[in-house]
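The next block is start-v1.cif, given as mmCIF, C-alpha atoms.
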data_final
#
loop_
_atom_site.label_atom_id
_atom_site.label_comp_id
_atom_site.auth_asym_id
_atom_site.auth_seq_id
_atom_site.Cartn_x
_atom_site.Cartn_y
_atom_site.Cartn_z
CA MET A 163 -42.56 1.91 -7.70
CA ALA A 164 -40.08 2.18 -10.55
CA LEU A 165 -39.30 -1.52 -10.29
CA ALA A 166 -43.00 -2.36 -10.27
CA ALA A 167 -43.53 -0.27 -13.41
CA ILE A 168 -40.69 -2.08 -15.17
CA LEU A 169 -42.14 -5.45 -14.17
CA LEU A 170 -45.56 -4.50 -15.51
CA ALA A 171 -43.98 -3.37 -18.79
CA LEU A 172 -42.08 -6.64 -19.10
CA LEU A 173 -45.21 -8.67 -18.39
CA ALA A 174 -47.15 -6.72 -21.01
CA SER A 175 -44.44 -7.12 -23.66
CA PRO A 176 -44.46 -10.08 -26.04
CA ALA A 177 -41.98 -12.75 -25.05
CA LEU A 178 -39.09 -13.05 -27.51
CA ALA A 179 -37.94 -16.13 -25.70
CA ALA A 180 -35.33 -18.58 -26.92
CA ASP A 181 -36.43 -21.80 -25.19
CA PRO A 182 -38.48 -21.17 -22.04
CA SER A 183 -39.90 -24.70 -21.95
CA GLY A 184 -36.62 -26.59 -22.45
CA ASP A 185 -37.97 -28.73 -25.27
CA ILE A 186 -35.45 -27.51 -27.82
CA THR A 187 -32.56 -27.77 -25.36
CA ILE A 188 -33.28 -31.39 -24.40
CA GLU A 189 -33.73 -32.33 -28.07
CA GLU A 190 -30.35 -30.86 -29.00
CA ASN A 191 -28.58 -32.25 -25.91
CA PRO A 192 -30.05 -35.42 -24.34
CA ASN A 193 -27.64 -35.00 -21.37
CA ALA A 194 -29.00 -31.55 -20.55
CA ALA A 195 -31.19 -32.79 -17.70
CA LEU A 196 -28.16 -34.28 -15.91
CA ASP A 197 -26.15 -31.11 -16.44
CA PHE A 198 -28.98 -28.88 -15.23
CA ALA A 199 -29.55 -30.99 -12.11
CA TRP A 200 -25.83 -30.97 -11.28
CA VAL A 201 -25.36 -27.22 -11.72
CA LEU A 202 -28.54 -26.26 -9.88
CA ILE A 203 -27.88 -28.58 -6.92
CA CYS A 204 -24.37 -27.15 -6.64
CA GLY A 205 -25.93 -23.68 -6.79
CA PHE A 206 -28.17 -24.62 -3.87
CA LEU A 207 -25.04 -25.58 -1.90
CA VAL A 208 -23.46 -22.20 -2.66
CA MET A 209 -26.65 -20.46 -1.56
CA PHE A 210 -26.40 -22.33 1.77
CA MET A 211 -22.99 -20.72 2.25
CA GLN A 212 -24.93 -17.57 3.21
CA ALA A 213 -25.87 -19.43 6.39
CA GLY A 214 -22.20 -20.23 6.92
CA PHE A 215 -21.17 -16.61 6.58
CA ALA A 216 -23.98 -15.56 8.93
CA MET A 217 -22.87 -18.05 11.60
CA LEU A 218 -19.15 -17.28 11.26
CA GLU A 219 -19.56 -13.50 11.32
CA THR A 220 -22.06 -13.58 14.16
CA GLY A 221 -19.94 -15.90 16.27
CA PHE A 222 -16.79 -13.86 15.73
CA THR A 223 -18.48 -10.56 16.72
CA ARG A 224 -20.22 -9.38 19.88
CA SER A 225 -23.71 -10.46 20.92
CA LYS A 226 -25.09 -6.92 20.81
CA ASN A 227 -24.59 -6.92 17.03
CA ALA A 228 -25.82 -10.46 16.24
CA ALA A 229 -29.21 -9.50 14.79
CA ASN A 230 -27.55 -6.84 12.62
CA ILE A 231 -25.13 -9.41 11.19
CA MET A 232 -28.01 -11.79 10.48
CA MET A 233 -29.99 -9.06 8.77
CA LYS A 234 -27.06 -8.05 6.58
CA ASN A 235 -26.49 -11.62 5.46
CA MET A 236 -30.17 -12.10 4.65
CA MET A 237 -30.26 -8.89 2.65
CA ASP A 238 -27.02 -9.71 0.82
CA PHE A 239 -28.84 -12.57 -0.81
CA SER A 240 -32.13 -10.74 -1.33
CA ILE A 241 -30.68 -7.51 -2.70
CA GLY A 242 -27.97 -9.42 -4.55
CA ALA A 243 -30.45 -11.70 -6.33
CA LEU A 244 -32.57 -8.75 -7.45
CA ALA A 245 -29.62 -6.59 -8.55
CA TYR A 246 -28.02 -9.45 -10.47
CA TRP A 247 -31.38 -10.28 -12.10
CA ALA A 248 -32.04 -6.70 -13.15
CA VAL A 249 -28.56 -5.57 -14.21
CA GLY A 250 -25.59 -7.69 -13.17
CA PHE A 251 -26.09 -10.74 -15.36
CA ALA A 252 -26.67 -8.62 -18.46
CA VAL A 253 -23.44 -6.71 -17.81
CA MET A 254 -21.48 -9.90 -17.16
CA TYR A 255 -22.76 -12.18 -19.91
CA GLY A 256 -24.74 -10.05 -22.34
CA THR A 257 -23.88 -11.02 -25.92
CA THR A 258 -24.18 -7.65 -27.67
CA GLU A 259 -20.83 -6.81 -29.27
CA ILE A 260 -20.67 -3.23 -27.94
CA ILE A 261 -17.37 -2.95 -26.02
CA ALA A 262 -17.49 -6.73 -25.67
CA GLU A 263 -14.05 -7.04 -24.05
CA VAL A 264 -15.06 -4.62 -21.29
CA MET A 265 -18.71 -5.39 -20.57
CA GLY A 266 -21.65 -7.33 -21.82
CA TRP A 267 -25.04 -5.91 -22.75
CA GLY A 268 -28.32 -7.74 -23.10
CA GLY A 269 -30.72 -9.88 -21.13
CA PHE A 270 -31.67 -7.32 -18.49
CA PHE A 271 -34.36 -8.63 -16.11
CA LEU A 272 -33.95 -12.05 -17.81
CA ALA A 273 -36.44 -10.84 -20.39
CA GLY A 274 -36.64 -11.32 -24.15
CA GLU A 275 -34.22 -13.92 -25.45
CA ALA A 276 -32.84 -14.35 -21.90
CA TYR A 277 -36.17 -15.99 -20.98
CA ASP A 278 -34.51 -19.31 -21.75
CA VAL A 279 -33.81 -22.39 -19.65
CA SER A 280 -30.05 -22.47 -20.35
CA THR A 281 -29.58 -18.74 -19.79
CA ILE A 282 -31.52 -18.81 -16.54
CA GLU A 283 -29.60 -21.88 -15.32
CA SER A 284 -26.42 -19.85 -15.84
CA TRP A 285 -27.99 -16.84 -14.13
CA PHE A 286 -28.87 -18.84 -11.04
CA PHE A 287 -25.41 -20.33 -10.62
CA GLN A 288 -23.73 -16.98 -11.13
CA MET A 289 -26.22 -15.19 -8.89
CA VAL A 290 -25.22 -17.22 -5.83
CA PHE A 291 -21.57 -16.40 -6.61
CA ALA A 292 -22.41 -12.69 -6.83
CA ALA A 293 -24.20 -12.78 -3.47
CA THR A 294 -21.16 -14.47 -1.93
CA ALA A 295 -18.88 -11.68 -3.17
CA ALA A 296 -21.17 -9.14 -1.54
CA THR A 297 -21.43 -10.88 1.82
CA ILE A 298 -17.63 -10.94 2.27
CA VAL A 299 -17.77 -7.20 2.96
CA SER A 300 -20.19 -7.70 5.84
CA GLY A 301 -17.64 -9.11 8.26
CA ALA A 302 -14.96 -6.48 7.66
CA VAL A 303 -17.34 -3.58 8.32
CA ALA A 304 -19.17 -5.29 11.19
CA GLU A 305 -20.23 -3.53 14.39
CA ARG A 306 -20.06 0.06 13.11
CA CYS A 307 -21.41 0.34 9.54
CA LYS A 308 -24.84 1.86 8.90
CA PHE A 309 -27.32 -0.71 7.65
CA SER A 310 -28.73 1.60 4.96
CA THR A 311 -25.25 2.20 3.58
CA TYR A 312 -24.53 -1.50 3.56
CA LEU A 313 -27.60 -2.20 1.41
CA ILE A 314 -26.30 0.21 -1.23
CA ILE A 315 -22.89 -1.47 -1.20
CA SER A 316 -24.47 -4.92 -1.66
CA ALA A 317 -26.51 -3.70 -4.61
CA LEU A 318 -23.50 -2.08 -6.29
CA ILE A 319 -21.30 -5.15 -5.84
CA THR A 320 -23.84 -7.47 -7.43
CA ALA A 321 -24.97 -5.05 -10.14
CA VAL A 322 -21.64 -3.55 -11.20
CA ILE A 323 -18.40 -4.43 -9.39
CA TYR A 324 -18.64 -8.23 -9.56
CA PRO A 325 -20.23 -8.43 -13.04
CA LEU A 326 -17.65 -6.24 -14.76
CA TYR A 327 -14.58 -8.04 -13.45
CA GLY A 328 -16.45 -11.31 -13.96
CA HIS A 329 -16.98 -10.38 -17.60
CA TRP A 330 -13.28 -9.69 -18.02
CA VAL A 331 -12.44 -13.22 -16.82
CA TRP A 332 -15.50 -15.41 -17.51
CA GLY A 333 -17.53 -13.47 -20.06
CA GLY A 334 -15.01 -13.21 -22.87
CA GLY A 335 -13.43 -9.95 -21.70
CA PHE A 336 -9.89 -8.69 -22.05
CA LEU A 337 -8.38 -10.76 -19.23
CA SER A 338 -9.65 -14.00 -20.71
CA GLU A 339 -8.35 -12.86 -24.10
CA MET A 340 -4.92 -12.56 -22.46
CA GLY A 341 -5.24 -16.12 -21.16
CA ALA A 342 -6.05 -15.41 -17.49
CA LEU A 343 -8.11 -18.11 -15.76
CA ASP A 344 -10.01 -18.60 -12.52
CA PHE A 345 -11.88 -21.89 -12.29
CA ALA A 346 -14.36 -21.10 -9.52
CA GLY A 347 -13.63 -17.61 -8.22
CA SER A 348 -10.52 -17.03 -6.07
CA GLY A 349 -10.26 -13.69 -7.82
CA VAL A 350 -13.68 -13.10 -9.34
CA VAL A 351 -15.54 -13.74 -6.08
CA HIS A 352 -13.18 -13.77 -3.09
CA ALA A 353 -10.35 -11.35 -3.79
CA LEU A 354 -12.86 -8.91 -5.27
CA GLY A 355 -15.03 -9.04 -2.15
CA GLY A 356 -11.97 -8.88 0.09
CA TRP A 357 -10.57 -5.76 -1.56
CA VAL A 358 -13.92 -3.96 -1.40
CA ALA A 359 -13.96 -4.95 2.27
CA LEU A 360 -10.51 -3.39 2.70
CA ALA A 361 -11.78 -0.10 1.28
CA GLY A 362 -14.75 -0.14 3.62
CA ALA A 363 -12.71 -0.95 6.72
CA LEU A 364 -10.22 1.82 5.90
CA LEU A 365 -12.83 4.54 5.48
CA LEU A 366 -14.97 3.40 8.41
CA GLY A 367 -12.06 3.35 10.82
CA PRO A 368 -11.68 0.99 13.79
CA ARG A 369 -14.37 0.13 16.30
CA ILE A 370 -14.48 2.12 19.52
CA GLY A 371 -11.99 0.60 21.95
CA LYS A 372 -10.06 -1.39 19.37
CA TYR A 373 -6.78 0.53 19.74
CA GLN A 374 -4.99 2.08 22.68
CA ARG A 375 -3.42 5.52 22.45
CA ASP A 376 -0.05 4.02 21.54
CA GLY A 377 -1.65 2.05 18.70
CA LYS A 378 -1.59 -1.33 20.44
CA PRO A 379 -4.70 -3.33 19.48
CA ASN A 380 -7.09 -4.59 22.12
CA ALA A 381 -8.69 -7.98 21.63
CA ILE A 382 -12.45 -7.76 21.12
CA PRO A 383 -13.57 -11.38 21.40
CA GLY A 384 -16.56 -12.69 19.53
CA HIS A 385 -19.46 -13.95 21.61
CA SER A 386 -19.78 -17.53 20.33
CA ILE A 387 -16.93 -19.67 19.07
CA THR A 388 -19.58 -22.38 18.68
CA LEU A 389 -21.50 -20.40 16.05
CA GLY A 390 -18.25 -19.37 14.38
CA THR A 391 -17.07 -22.97 14.08
CA LEU A 392 -20.46 -24.08 12.78
CA GLY A 393 -20.08 -21.37 10.13
CA VAL A 394 -16.70 -22.77 9.11
CA PHE A 395 -18.15 -26.24 8.54
CA ILE A 396 -21.18 -24.93 6.64
CA LEU A 397 -18.89 -22.88 4.39
CA TRP A 398 -16.59 -25.84 3.82
CA PHE A 399 -19.57 -28.01 2.87
CA GLY A 400 -21.00 -25.36 0.56
CA TRP A 401 -17.61 -24.88 -1.09
CA TYR A 402 -17.99 -28.23 -2.88
CA GLY A 403 -20.84 -26.56 -4.74
CA PHE A 404 -18.52 -23.68 -5.62
CA ASN A 405 -15.65 -25.75 -6.93
CA CYS A 406 -17.19 -29.00 -8.12
CA GLY A 407 -20.19 -27.24 -9.65
CA SER A 408 -17.94 -25.07 -11.78
CA THR A 409 -17.42 -28.02 -14.13
CA LEU A 410 -20.91 -26.96 -15.34
CA VAL A 411 -21.62 -30.50 -16.57
CA GLY A 412 -22.71 -33.59 -14.73
CA ASP A 413 -20.36 -36.08 -16.39
CA ALA A 414 -16.94 -34.47 -15.86
CA LEU A 415 -14.94 -37.12 -14.02
CA ARG A 416 -12.31 -34.54 -13.09
CA VAL A 417 -14.75 -33.60 -10.32
CA SER A 418 -13.17 -36.23 -8.05
CA ILE A 419 -9.83 -34.40 -8.21
CA ILE A 420 -11.56 -31.06 -7.68
CA ALA A 421 -13.24 -32.38 -4.51
CA ALA A 422 -9.99 -33.85 -3.22
CA ASN A 423 -8.02 -30.66 -3.94
CA THR A 424 -10.66 -28.57 -2.20
CA THR A 425 -10.50 -30.77 0.90
CA LEU A 426 -6.71 -31.02 1.10
CA ALA A 427 -6.03 -27.31 0.72
CA ALA A 428 -8.52 -26.43 3.45
CA ALA A 429 -7.19 -29.13 5.78
CA ALA A 430 -3.57 -28.06 5.27
CA ALA A 431 -4.31 -24.38 5.81
CA MET A 432 -6.32 -25.09 8.96
CA ALA A 433 -3.56 -27.24 10.44
CA VAL A 434 -0.85 -24.69 9.63
CA ALA A 435 -2.85 -21.79 11.12
CA MET A 436 -3.45 -23.83 14.26
CA PHE A 437 0.21 -24.84 14.68
CA ILE A 438 1.45 -21.28 14.09
CA THR A 439 -0.80 -19.84 16.80
CA TRP A 440 0.10 -22.72 19.11
CA ALA A 441 3.82 -22.05 18.70
CA TRP A 442 3.38 -18.27 18.80
CA HIS A 443 0.98 -17.86 21.72
CA GLY A 444 1.35 -21.16 23.54
CA LYS A 445 -2.25 -22.20 22.81
CA PRO A 446 -3.91 -23.38 19.56
CA ASP A 447 -6.36 -20.65 18.54
CA VAL A 448 -9.78 -21.98 17.50
CA GLY A 449 -10.88 -18.90 15.57
CA MET A 450 -7.65 -18.63 13.62
CA ALA A 451 -7.80 -22.34 12.77
CA GLY A 452 -11.29 -21.79 11.36
CA ASN A 453 -10.13 -18.82 9.33
CA GLY A 454 -7.23 -20.95 8.14
CA ALA A 455 -9.66 -23.48 6.67
CA ILE A 456 -11.57 -20.76 4.82
CA ALA A 457 -8.30 -19.25 3.60
CA GLY A 458 -7.27 -22.61 2.15
CA LEU A 459 -10.63 -22.95 0.42
CA VAL A 460 -10.28 -19.46 -1.06
CA ALA A 461 -6.76 -20.16 -2.26
CA ILE A 462 -7.58 -23.44 -4.03
CA THR A 463 -10.75 -22.16 -5.72
CA ALA A 464 -8.96 -20.73 -8.77
CA GLY A 465 -6.87 -23.80 -9.48
CA CYS A 466 -8.86 -26.71 -8.03
CA ALA A 467 -9.39 -28.31 -11.46
CA TRP A 468 -5.89 -27.76 -12.79
CA VAL A 469 -3.46 -28.77 -10.04
CA THR A 470 -2.46 -32.04 -8.35
CA PRO A 471 -3.46 -33.04 -4.81
CA SER A 472 0.14 -32.52 -3.65
CA ALA A 473 0.14 -28.99 -5.07
CA SER A 474 -3.15 -28.37 -3.29
CA VAL A 475 -1.58 -29.24 0.04
CA LEU A 476 1.28 -26.81 -0.65
CA ILE A 477 -1.19 -24.10 -1.71
CA GLY A 478 -3.06 -24.67 1.57
CA ILE A 479 0.13 -24.58 3.66
CA ILE A 480 1.04 -21.19 2.19
CA ALA A 481 -2.54 -19.96 2.68
CA GLY A 482 -2.30 -20.90 6.38
CA PHE A 483 0.85 -18.82 6.77
CA LEU A 484 -0.63 -15.93 4.80
CA VAL A 485 -3.83 -15.65 6.79
CA VAL A 486 -2.05 -15.59 10.16
CA PHE A 487 0.57 -13.10 9.00
CA SER A 488 -1.99 -10.89 7.26
CA VAL A 489 -4.28 -10.71 10.30
CA TRP A 490 -1.27 -9.71 12.43
CA LEU A 491 -0.23 -7.11 9.86
CA MET A 492 -3.72 -5.60 9.65
CA ASP A 493 -4.08 -5.43 13.43
CA TRP A 494 -0.63 -4.44 14.63
CA LYS A 495 0.98 -2.50 11.79
CA LEU A 496 -1.70 -1.11 9.47
CA HIS A 497 -4.31 -0.60 12.24
CA ILE A 498 -7.13 -1.76 9.98
CA ASP A 499 -9.92 -3.19 12.10
CA ASP A 500 -11.40 -6.28 10.45
CA PRO A 501 -13.48 -8.08 13.09
CA VAL A 502 -13.60 -11.46 11.31
CA GLY A 503 -10.41 -11.39 9.21
CA ALA A 504 -12.30 -11.13 5.90
CA ILE A 505 -9.60 -9.10 4.17
CA SER A 506 -6.89 -11.58 5.05
CA VAL A 507 -8.99 -14.65 4.29
CA HIS A 508 -10.58 -13.50 1.04
CA GLY A 509 -8.50 -10.63 -0.32
CA VAL A 510 -4.99 -11.85 0.40
CA ASN A 511 -5.69 -15.53 -0.24
CA GLY A 512 -7.86 -14.83 -3.26
CA ALA A 513 -4.86 -13.12 -4.84
CA TRP A 514 -2.65 -16.02 -3.76
CA GLY A 515 -5.10 -18.44 -5.39
CA LEU A 516 -4.77 -16.71 -8.77
CA LEU A 517 -0.97 -16.74 -8.52
CA ALA A 518 -0.92 -20.36 -7.32
CA LEU A 519 -2.87 -21.43 -10.39
CA GLY A 520 -0.30 -19.65 -12.56
CA ILE A 521 2.49 -21.53 -10.79
CA PHE A 522 1.20 -25.07 -10.19
CA ALA A 523 -1.21 -25.96 -13.03
CA ASP A 524 0.20 -29.21 -14.39
CA GLY A 525 -1.25 -29.34 -17.92
CA THR A 526 -3.26 -32.55 -17.44
CA TYR A 527 -6.68 -30.88 -17.67
CA GLY A 528 -7.52 -28.65 -20.58
CA GLY A 529 -3.84 -28.14 -21.34
CA VAL A 530 -3.52 -25.47 -18.62
CA ALA A 531 0.14 -25.35 -17.53
CA GLY A 532 1.66 -23.03 -14.93
CA LEU A 533 5.13 -21.63 -14.43
CA LEU A 534 6.56 -24.89 -13.05
CA HIS A 535 5.36 -26.72 -16.16
CA GLY A 536 6.51 -24.30 -18.83
CA GLY A 537 3.62 -21.84 -18.73
CA SER A 538 5.49 -18.58 -18.21
CA ASP A 539 3.06 -16.58 -20.37
CA PHE A 540 0.14 -17.97 -18.43
CA PHE A 541 1.78 -16.95 -15.13
CA VAL A 542 2.23 -13.40 -16.44
CA ALA A 543 -1.46 -13.30 -17.35
CA GLN A 544 -2.36 -14.41 -13.82
CA VAL A 545 -0.14 -11.72 -12.28
CA PHE A 546 -1.82 -9.10 -14.45
CA SER A 547 -5.25 -10.40 -13.41
CA VAL A 548 -4.26 -10.01 -9.74
CA VAL A 549 -3.22 -6.39 -10.36
CA VAL A 550 -6.42 -5.59 -12.26
CA ASN A 551 -8.53 -7.30 -9.60
CA PHE A 552 -7.01 -5.25 -6.77
CA THR A 553 -7.06 -1.98 -8.68
CA TRP A 554 -10.67 -2.41 -9.75
CA ALA A 555 -12.18 -3.69 -6.49
CA PHE A 556 -10.18 -1.63 -4.01
CA GLY A 557 -10.18 1.50 -6.17
CA LEU A 558 -13.89 1.47 -6.92
CA GLY A 559 -14.61 0.44 -3.34
CA LEU A 560 -12.74 3.49 -2.05
CA ILE A 561 -14.64 5.78 -4.41
CA ILE A 562 -18.04 4.36 -3.47
CA PHE A 563 -17.41 4.36 0.28
CA PHE A 564 -15.98 7.90 0.09
CA ILE A 565 -19.02 9.22 -1.78
CA LEU A 566 -21.36 7.55 0.68
CA LYS A 567 -19.34 8.86 3.62
CA LYS A 568 -19.66 12.43 2.34
CA THR A 569 -23.36 12.12 1.56
CA ILE A 570 -25.50 9.78 3.65
CA GLY A 571 -22.73 8.66 6.00
CA ILE A 572 -21.32 5.19 6.50
CA ARG A 573 -20.88 4.87 10.27
CA VAL A 574 -23.38 4.83 13.11
CA GLU A 575 -23.14 7.33 15.96
CA ALA A 576 -20.77 6.47 18.80
CA THR A 577 -23.61 6.06 21.30
CA ASP A 578 -25.36 3.65 18.94
CA GLU A 579 -22.17 1.66 18.38
CA ILE A 580 -21.66 1.30 22.14
CA ALA A 581 -25.26 0.24 22.67
CA GLY A 582 -25.04 -2.20 19.79
CA LEU A 583 -26.37 -2.14 16.25
CA ASP A 584 -29.16 -4.55 17.11
CA LEU A 585 -30.89 -1.84 19.13
CA SER A 586 -29.84 1.25 17.18
CA GLU A 587 -30.44 -0.13 13.69
CA HIS A 588 -33.23 -2.67 14.24
CA GLY A 589 -34.87 -1.84 17.56
CA MET A 590 -34.35 -5.33 18.92
CA THR A 591 -31.74 -7.70 20.26
CA ALA A 592 -30.80 -11.23 19.26
CA TYR A 593 -30.69 -12.40 22.90
CA PRO A 594 -33.46 -10.59 24.82
CA ASN A 595 -33.19 -12.78 27.91
CA PHE A 596 -29.48 -12.32 28.48
CA ILE A 597 -27.25 -9.53 29.75
CA HIS A 598 -24.72 -8.25 27.24
CA SER A 599 -21.28 -8.05 28.82
CA GLU A 600 -20.38 -5.30 26.35
CA THR A 601 -23.07 -2.92 27.64
CA GLY A 602 -23.51 -4.27 31.17
CA ARG A 603 -27.30 -4.38 30.96
CA GLY A 604 -30.09 -6.50 29.63
CA ASP A 605 -31.18 -5.44 26.14
#
Give the structure from this file in structure tokens form.
Amino acid sequence: MALAAILLALLASPALAADPSGDITIEENPNAALDFAWVLICGFLVMFMQAGFAMLETGFTRSKNAANIMMKNMMDFSIGALAYWAVGFAVMYGTTEIIAEVMGWGGFFLAGEAYDVSTIESWFFQMVFAATAATIVSGAVAERCKFSTYLIISALITAVIYPLYGHWVWGGGFLSEMGALDFAGSGVVHALGGWVALAGALLLGPRIGKYQRDGKPNAIPGHSITLGTLGVFILWFGWYGFNCGSTLVGDALRVSIIAANTTLAAAAAMAVAMFITWAWHGKPDVGMAGNGAIAGLVAITAGCAWVTPSASVLIGIIAGFLVVFSVWLMDWKLHIDDPVGAISVHGVNGAWGLLALGIFADGTYGGVAGLLHGGSDFFVAQVFSVVVNFTWAFGLGLIIFFILKKTIGIRVEATDEIAGLDLSEHGMTAYPNFIHSETGRGD
């Protein structure tokens, strides 16, 4: 009702629009149509990544929770789009000079002067990034998080957590003033989502049956490696929208290098993750190979425009090692239950992506040079950005999850978890004609 009242007030108010028709924009910049088409098409690709996350997370978790995973991924985008429209974009890119290095202010609900073709183009592209940051949390808290709690987390990520750090890096905030960079979101999107996911997994605790009394983890296999692998390929495809689209113009020829770097890092990380598991366990692990590809994509996202193809391969190789080691560390030593490896893929490799940019940027594009090319100050700025990113996302994530835990609760009842969240949270099942091996009965 409150939202409806606000909408009615906005509709009744006179429009103080800048250029809602686009006539002024195209007159001032004849290439605007090409730029708009490029950015929006790339935004559509990023939106399609929601399908990739839905497939990957569903495939890597049990069948009794498949509908719940699907619902969370649908609502990530729905709630995320509304929250970023109402609040997030104004906080991230608002031009009012009040505490400008910390947060923006202006353009709430895309009203007033924000009712403008260029502003709304920017909103759309950033909105799909914000929704991606939110959906990362879904996999780490899968199979035991209350759906109502998850909706609140999605809204807060897209309205507050993502926009504020995004302002510090991309909106003229204090990190950008220091010289920190992130081309397409290793830190702004992926590490941020990964560290919020870490907070959620910590406070939720492990799934029932994940650990033995001596702390040894039990494997809880996902129900469809087919869906999981499909998710990997959809995400990889959508990632070209992430990285290539972040040129923000349709005539930047550097896009060929960005596409190549994106591909090579993912391929190298996937191969390394596969070979490590093959050597370690005697068999090449399909799921870990898929996570390796996503880890490589996360790691190259910050520096895809500023490094060479050879550096991209090295960044991907390290990402492949990091994701395998981090998953082992979470499972066996820290006892943090992350059903799909989201923390390792996005948090750990998002941080690595920021550092890799600070090391390998070669100075051939925009003059951005990393540590190996004389940019020691730039590397320091990247290290500081990593620290701020972790402190902000993990710290605020802990606070939010703790408050929710002490108020409305964050975890379903044990009986509901055993039965599956499809039944307990949605009153249905994704596979009504099949018997779930987890419950031993038809649902």
Applied to the shown file, which residues does the PyMOL selection byres ((chain A and resi 275-290) around 6) return, written as a PDB file with C-alpha atoms, in the coordinates of the input?
ATOM      1  CA  LEU A 178     -39.090 -13.050 -27.510  1.00  0.00           C
ATOM      2  CA  ALA A 179     -37.940 -16.130 -25.700  1.00  0.00           C
ATOM      3  CA  ALA A 180     -35.330 -18.580 -26.920  1.00  0.00           C
ATOM      4  CA  ASP A 181     -36.430 -21.800 -25.190  1.00  0.00           C
ATOM      5  CA  PRO A 182     -38.480 -21.170 -22.040  1.00  0.00           C
ATOM      6  CA  GLY A 184     -36.620 -26.590 -22.450  1.00  0.00           C
ATOM      7  CA  GLY A 205     -25.930 -23.680  -6.790  1.00  0.00           C
ATOM      8  CA  MET A 209     -26.650 -20.460  -1.560  1.00  0.00           C
ATOM      9  CA  GLY A 269     -30.720  -9.880 -21.130  1.00  0.00           C
ATOM     10  CA  LEU A 272     -33.950 -12.050 -17.810  1.00  0.00           C
ATOM     11  CA  ALA A 273     -36.440 -10.840 -20.390  1.00  0.00           C
ATOM     12  CA  GLY A 274     -36.640 -11.320 -24.150  1.00  0.00           C
ATOM     13  CA  PHE A 291     -21.570 -16.400  -6.610  1.00  0.00           C
ATOM     14  CA  ALA A 292     -22.410 -12.690  -6.830  1.00  0.00           C
ATOM     15  CA  ALA A 293     -24.200 -12.780  -3.470  1.00  0.00           C
TER      16      ALA A 293
END
To test your reading of the syntax: which residues would the PyMOL selection byres ((chain A and resi 192-199) around 10) return for the file shown? Reply as a short mmCIF file (atom, residue, chain, number, x, y, z; two decimals) with C-alpha atoms, in the frame of the given file.
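Result went into part.cif, see below:
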data_model
loop_
_atom_site.label_atom_id
_atom_site.label_comp_id
_atom_site.auth_asym_id
_atom_site.auth_seq_id
_atom_site.Cartn_x
_atom_site.Cartn_y
_atom_site.Cartn_z
CA GLY A 184 -36.62 -26.59 -22.45
CA THR A 187 -32.56 -27.77 -25.36
CA ILE A 188 -33.28 -31.39 -24.40
CA GLU A 189 -33.73 -32.33 -28.07
CA GLU A 190 -30.35 -30.86 -29.00
CA ASN A 191 -28.58 -32.25 -25.91
CA TRP A 200 -25.83 -30.97 -11.28
CA VAL A 201 -25.36 -27.22 -11.72
CA LEU A 202 -28.54 -26.26 -9.88
CA ILE A 203 -27.88 -28.58 -6.92
CA CYS A 204 -24.37 -27.15 -6.64
CA GLY A 205 -25.93 -23.68 -6.79
CA VAL A 279 -33.81 -22.39 -19.65
CA SER A 280 -30.05 -22.47 -20.35
CA GLU A 283 -29.60 -21.88 -15.32
CA SER A 284 -26.42 -19.85 -15.84
CA GLY A 407 -20.19 -27.24 -9.65
CA THR A 409 -17.42 -28.02 -14.13
CA LEU A 410 -20.91 -26.96 -15.34
CA VAL A 411 -21.62 -30.50 -16.57
CA GLY A 412 -22.71 -33.59 -14.73
CA ASP A 413 -20.36 -36.08 -16.39
CA ALA A 414 -16.94 -34.47 -15.86
#
Point to revise | Residues matched by the PyMOL selection byres ((chain A and resi 545) around 9) as number ranges by chain | key: A: 342, 513, 516-517, 520, 540-544, 546-550
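Proximity ranking of A:Gly454, A:Gly465, A:Gly242, A:Gly571 relative to Phe437 of chain A places A:Gly454 first, based on all atoms listed in the file.
A distance cut-off of 12 Å around (-22.2, -21.6, 17.1), counting only C-alpha atoms, selects these protein and nucleic acid residues: Ala213, Gly214, Phe215, Ala216, Met217, Leu218, Glu219, Thr220, Gly221, Phe222, Thr223, Ser225, Ala228, Gly384, His385, Ser386, Ile387, Thr388, Leu389, Gly390, Thr391, Leu392, Gly393, Val394, Phe395, Ile396 and Gly449 of chain A.
The space separating atom CA of Trp267 of chain A from atom CA of Ala248 of chain A comes to 11.9 Å.
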Do you have, as a tab-separated table, the list of residues of segment 494-523 of chain A lying at most 9 Å from segment 343-350 of chain A, each with its nearest atom pair and that distance in Å to one decimal, counting only C-alpha atoms and ordered by chain then number?
residue	atom	partner	partner_atom	distance
A:His508	CA	A:Ser348	CA	7.9
A:Gly509	CA	A:Gly349	CA	8.3
A:Asn511	CA	A:Ser348	CA	7.7
A:Gly512	CA	A:Ser348	CA	4.5
A:Ala513	CA	A:Gly349	CA	6.2
A:Trp514	CA	A:Ser348	CA	8.3
A:Gly515	CA	A:Ser348	CA	5.6
A:Leu516	CA	A:Gly349	CA	6.3
A:Leu519	CA	A:Asp344	CA	8.0
A:Gly520	CA	A:Leu343	CA	8.6
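Between Leu583 of chain A and the residues A:Thr569, A:Ser183, A:Ser506, A:Asn227, the shortest atom-to-atom distance, using only C-alpha atoms, involves A:Asn227.
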